[in-house]
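The block underneath contains the structure these notes are about, expressed in structure tokens.
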Amino acid sequence: QNHNRQSQYSQHQNRRRQYKLAAEWRAKIITLCMPLIFNKRQRSGGTLFCVWKISESEEALLSLLSPCLQTYYMPQLKAMHSDKRRLEWLAVRVVAHKVANVDGHIIYDNQGIPAVDSRSRHISISHSGDTVFVAFSARRIGVDVQYYSDKLLKVAAHFINEEELNNINSGLLIDKSQVDGIYYKNNGTTQITSKIKRAHLLIWGAKESIYKLCGIKDLDLKNCVTVDVRDVYRYGCIAATVNPDYVKNNPVKSRKITIKYMFSGDCVYVVAEDD
């Protein structure tokens, strides 16, 4: 009898721990479901967007995976030397298997594009800072999360083309006579408006998500992809075009892409989908 009581008590404790973990998972996950923005159309199987803010240790994240998954992923995890990279990598697997109930394992093709080996769903992955952004969809999709950094403006010439720069200057700055490149001159001093910062952040995030959507290794993001940013809001939809003339060794057709975005503080979440 004592043995039975101990066994029942142990089972009860295990159930309590499972319920607690389930509650923590639900609390951790933010499903992005902006009306008419991220969930504008429901397709077969739907599209799930998840954000995970990493606060756990590597051991805690690993414990959320089943023993079988731990065994499968452990060789890949051990090959990573960066602690930050290991945490991001584990968080993606926790989201995939515990939240999205992915049937299969996450693998990568020869171009580094993630996929589910069971081909049950498409997946796109992004991480920035302590944030992991993952999308699961019935069709190809690309996502990106970016936090603002002043470094973005310094390298703008490497990813923003002339058409995009003209759109930024004409659409976001009212007094064109005061425009000098990406800067706004005020009383002899150079200032950068918050909208310009957001425009650069959005363009970079959009091009990163398009790169993941297209899955083309040699995609020239500056010249091949043009993002139509004329104004920046807290969330919305913009258009982008892929010009095949600049795609090296990959004959592709010109394509129109819809970019959906949402700003949260100094961070932007971006989703790219074919029209």
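FYI, nothing fancy with the structure tokens labels: chains A, B, ... in order, residues from 1 per chain, ligands from 1 as they appear.
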Helix (DSSP H, G or I) call set, DSSP backbone run, stretch 30-180 of chain A, as a ChimeraX atom specification: /A:58-63,67-78,83-99,151-154,156-158,162-172,176-178
Excluding stretch 224-229 of chain A and any residue of its chain fewer than 5 positions from it, enumerate the residues within 12 Å of it, using only C-alpha atoms, and give them as a PyMOL selection string. chain A and resi 159-172+195-196+198-211+214+216+218-219+236-248+250+252-261+272
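Shortest separation to A:Lys98 among A:Cys50, A:Val116, A:Asp83, A:Asp130 occurs at residue A:Cys50, atoms counted being only C-alpha atoms.
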If you count only C-alpha atoms, which residues fall within 10 Å of A:Glu56, apart from same-chain ones fewer than 6 positions away, as an MDAnalysis selection string? chainID A and resid 62 87 91
Only C-alpha atoms, please: the residues just picked out, written as a PDB file, in the first residue's frame.
```pdb
ATOM      1  CA  LEU A  62      17.468  21.278 -23.661  1.00  0.00           C
ATOM      2  CA  LEU A  87      20.782  29.182 -27.086  1.00  0.00           C
ATOM      3  CA  ALA A  91      15.045  27.954 -28.642  1.00  0.00           C
TER       4      ALA A  91
END
```
I'd like to know which residues of stretch 38-163 of chain A are strand (DSSP E or B) (by DSSP, run on the backbone); could you write them as number ranges by chain? A: 48-53, 106-108, 114-116, 122-128, 131-137, 142-147
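Ranking A:Ile125, A:Val270, A:Leu221, A:Val232 by their shortest atom-to-atom distance to A:Gly112, with only C-alpha atoms included, puts A:Ile125 first.
Here atom CA of A:Leu69 stands at a distance of 21.1 Å from atom CA of A:Val51.
Counting only C-alpha atoms, the residue from A:Leu48, A:Ala60, A:Val94, A:Val155 that sits nearest to A:Ser124 is A:Leu48.
When only C-alpha atoms are used to measure the gap to A:Gln70, the shortest distance among A:Ile54, A:Leu90, A:Ala115, A:Ala96 belongs to A:Leu90.
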Tell me which of A:Gly215, A:Gly46, A:Gly104, A:Pro114 sits closest to A:Trp89, counting only C-alpha atoms. A:Pro114
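Distance check against A:Asp274 using only C-alpha atoms: of A:Val102, A:Leu153, A:Gly142, A:Glu58, the minimum falls on A:Gly142.
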Using only C-alpha atoms, determine which residues lie at most 8 Å from A:Ile141, disregarding the query and same-chain residues fewer than 4 positions distant; provide the list as number ranges by chain. A: 122-124, 135, 137, 212-213, 271-273
Write out as a VMD selection string the residues lying within 12 Å of A:Ser128, counting only C-alpha atoms and excluding same-chain residues fewer than 6 positions away. chain A and resid 51 to 54 84 to 85 87 to 88 134 143 to 149 205 266 to 269
Generate a file of the selected residues that holds N, CA, C and O atoms, formatted as a JSON list (two decimals), in the first residue's frame.
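Dumped everything to out-v3.json:
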```
[["chain", "number", "residue", "atom", "x", "y", "z"],
["A", 51, "VAL", "N", 7.27, 34.11, -31.38],
["A", 51, "VAL", "CA", 8.41, 34.86, -30.87],
["A", 51, "VAL", "C", 8.79, 34.30, -29.52],
["A", 51, "VAL", "O", 7.93, 34.13, -28.65],
["A", 52, "TRP", "N", 10.05, 34.01, -29.34],
["A", 52, "TRP", "CA", 10.56, 33.48, -28.07],
["A", 52, "TRP", "C", 11.63, 34.42, -27.54],
["A", 52, "TRP", "O", 12.63, 34.67, -28.21],
["A", 53, "LYS", "N", 11.43, 34.94, -26.35],
["A", 53, "LYS", "CA", 12.44, 35.76, -25.68],
["A", 53, "LYS", "C", 13.29, 34.84, -24.81],
["A", 53, "LYS", "O", 12.80, 34.26, -23.84],
["A", 54, "ILE", "N", 14.56, 34.72, -25.15],
["A", 54, "ILE", "CA", 15.43, 33.76, -24.47],
["A", 54, "ILE", "C", 15.87, 34.30, -23.12],
["A", 54, "ILE", "O", 16.52, 35.34, -23.03],
["A", 84, "LYS", "N", 25.82, 31.96, -27.43],
["A", 84, "LYS", "CA", 24.63, 32.66, -27.93],
["A", 84, "LYS", "C", 23.98, 31.86, -29.05],
["A", 84, "LYS", "O", 22.76, 31.71, -29.09],
["A", 85, "ARG", "N", 24.80, 31.37, -29.96],
["A", 85, "ARG", "CA", 24.28, 30.59, -31.08],
["A", 85, "ARG", "C", 23.60, 29.32, -30.58],
["A", 85, "ARG", "O", 22.55, 28.92, -31.09],
["A", 87, "LEU", "N", 22.06, 28.83, -27.69],
["A", 87, "LEU", "CA", 20.78, 29.18, -27.09],
["A", 87, "LEU", "C", 19.73, 29.47, -28.16],
["A", 87, "LEU", "O", 18.58, 29.02, -28.05],
["A", 88, "GLU", "N", 20.11, 30.23, -29.19],
["A", 88, "GLU", "CA", 19.18, 30.54, -30.28],
["A", 88, "GLU", "C", 18.74, 29.25, -30.97],
["A", 88, "GLU", "O", 17.55, 29.05, -31.26],
["A", 134, "VAL", "N", 10.10, 32.70, -35.46],
["A", 134, "VAL", "CA", 9.96, 31.51, -36.29],
["A", 134, "VAL", "C", 8.57, 31.49, -36.93],
["A", 134, "VAL", "O", 7.58, 31.82, -36.28],
["A", 143, "VAL", "N", 10.99, 35.19, -42.97],
["A", 143, "VAL", "CA", 10.76, 36.12, -41.86],
["A", 143, "VAL", "C", 12.10, 36.67, -41.38],
["A", 143, "VAL", "O", 13.16, 36.08, -41.60],
["A", 144, "ASP", "N", 12.02, 37.81, -40.72],
["A", 144, "ASP", "CA", 13.22, 38.40, -40.13],
["A", 144, "ASP", "C", 12.83, 39.25, -38.93],
["A", 144, "ASP", "O", 11.77, 39.88, -38.92],
["A", 145, "VAL", "N", 13.68, 39.25, -37.92],
["A", 145, "VAL", "CA", 13.54, 40.15, -36.78],
["A", 145, "VAL", "C", 14.84, 40.92, -36.66],
["A", 145, "VAL", "O", 15.92, 40.34, -36.77],
["A", 146, "GLN", "N", 14.74, 42.23, -36.48],
["A", 146, "GLN", "CA", 15.93, 43.07, -36.39],
["A", 146, "GLN", "C", 15.75, 44.12, -35.29],
["A", 146, "GLN", "O", 14.70, 44.75, -35.19],
["A", 147, "TYR", "N", 16.81, 44.31, -34.50],
["A", 147, "TYR", "CA", 16.87, 45.42, -33.55],
["A", 147, "TYR", "C", 17.71, 46.53, -34.17],
["A", 147, "TYR", "O", 18.69, 46.26, -34.86],
["A", 148, "TYR", "N", 17.31, 47.76, -33.91],
["A", 148, "TYR", "CA", 18.04, 48.89, -34.51],
["A", 148, "TYR", "C", 19.43, 49.04, -33.91],
["A", 148, "TYR", "O", 19.64, 48.88, -32.70],
["A", 149, "SER", "N", 20.38, 49.36, -34.78],
["A", 149, "SER", "CA", 21.75, 49.67, -34.38],
["A", 149, "SER", "C", 22.25, 50.80, -35.27],
["A", 149, "SER", "O", 21.93, 50.86, -36.47],
["A", 205, "GLY", "N", 15.36, 44.50, -42.92],
["A", 205, "GLY", "CA", 14.57, 43.34, -42.53],
["A", 205, "GLY", "C", 13.81, 42.74, -43.69],
["A", 205, "GLY", "O", 13.71, 41.51, -43.82],
["A", 266, "ASP", "N", 12.36, 49.30, -30.50],
["A", 266, "ASP", "CA", 13.43, 49.45, -31.48],
["A", 266, "ASP", "C", 13.63, 48.17, -32.27],
["A", 266, "ASP", "O", 14.71, 47.93, -32.83],
["A", 267, "CYS", "N", 12.58, 47.38, -32.38],
["A", 267, "CYS", "CA", 12.65, 46.09, -33.09],
["A", 267, "CYS", "C", 11.56, 46.04, -34.16],
["A", 267, "CYS", "O", 10.49, 46.63, -34.00],
["A", 268, "VAL", "N", 11.85, 45.33, -35.26],
["A", 268, "VAL", "CA", 10.85, 45.15, -36.30],
["A", 268, "VAL", "C", 10.75, 43.67, -36.64],
["A", 268, "VAL", "O", 11.76, 42.96, -36.70],
["A", 269, "TYR", "N", 9.50, 43.19, -36.82],
["A", 269, "TYR", "CA", 9.23, 41.83, -37.29],
["A", 269, "TYR", "C", 8.75, 41.94, -38.73],
["A", 269, "TYR", "O", 7.86, 42.74, -39.03]]
```
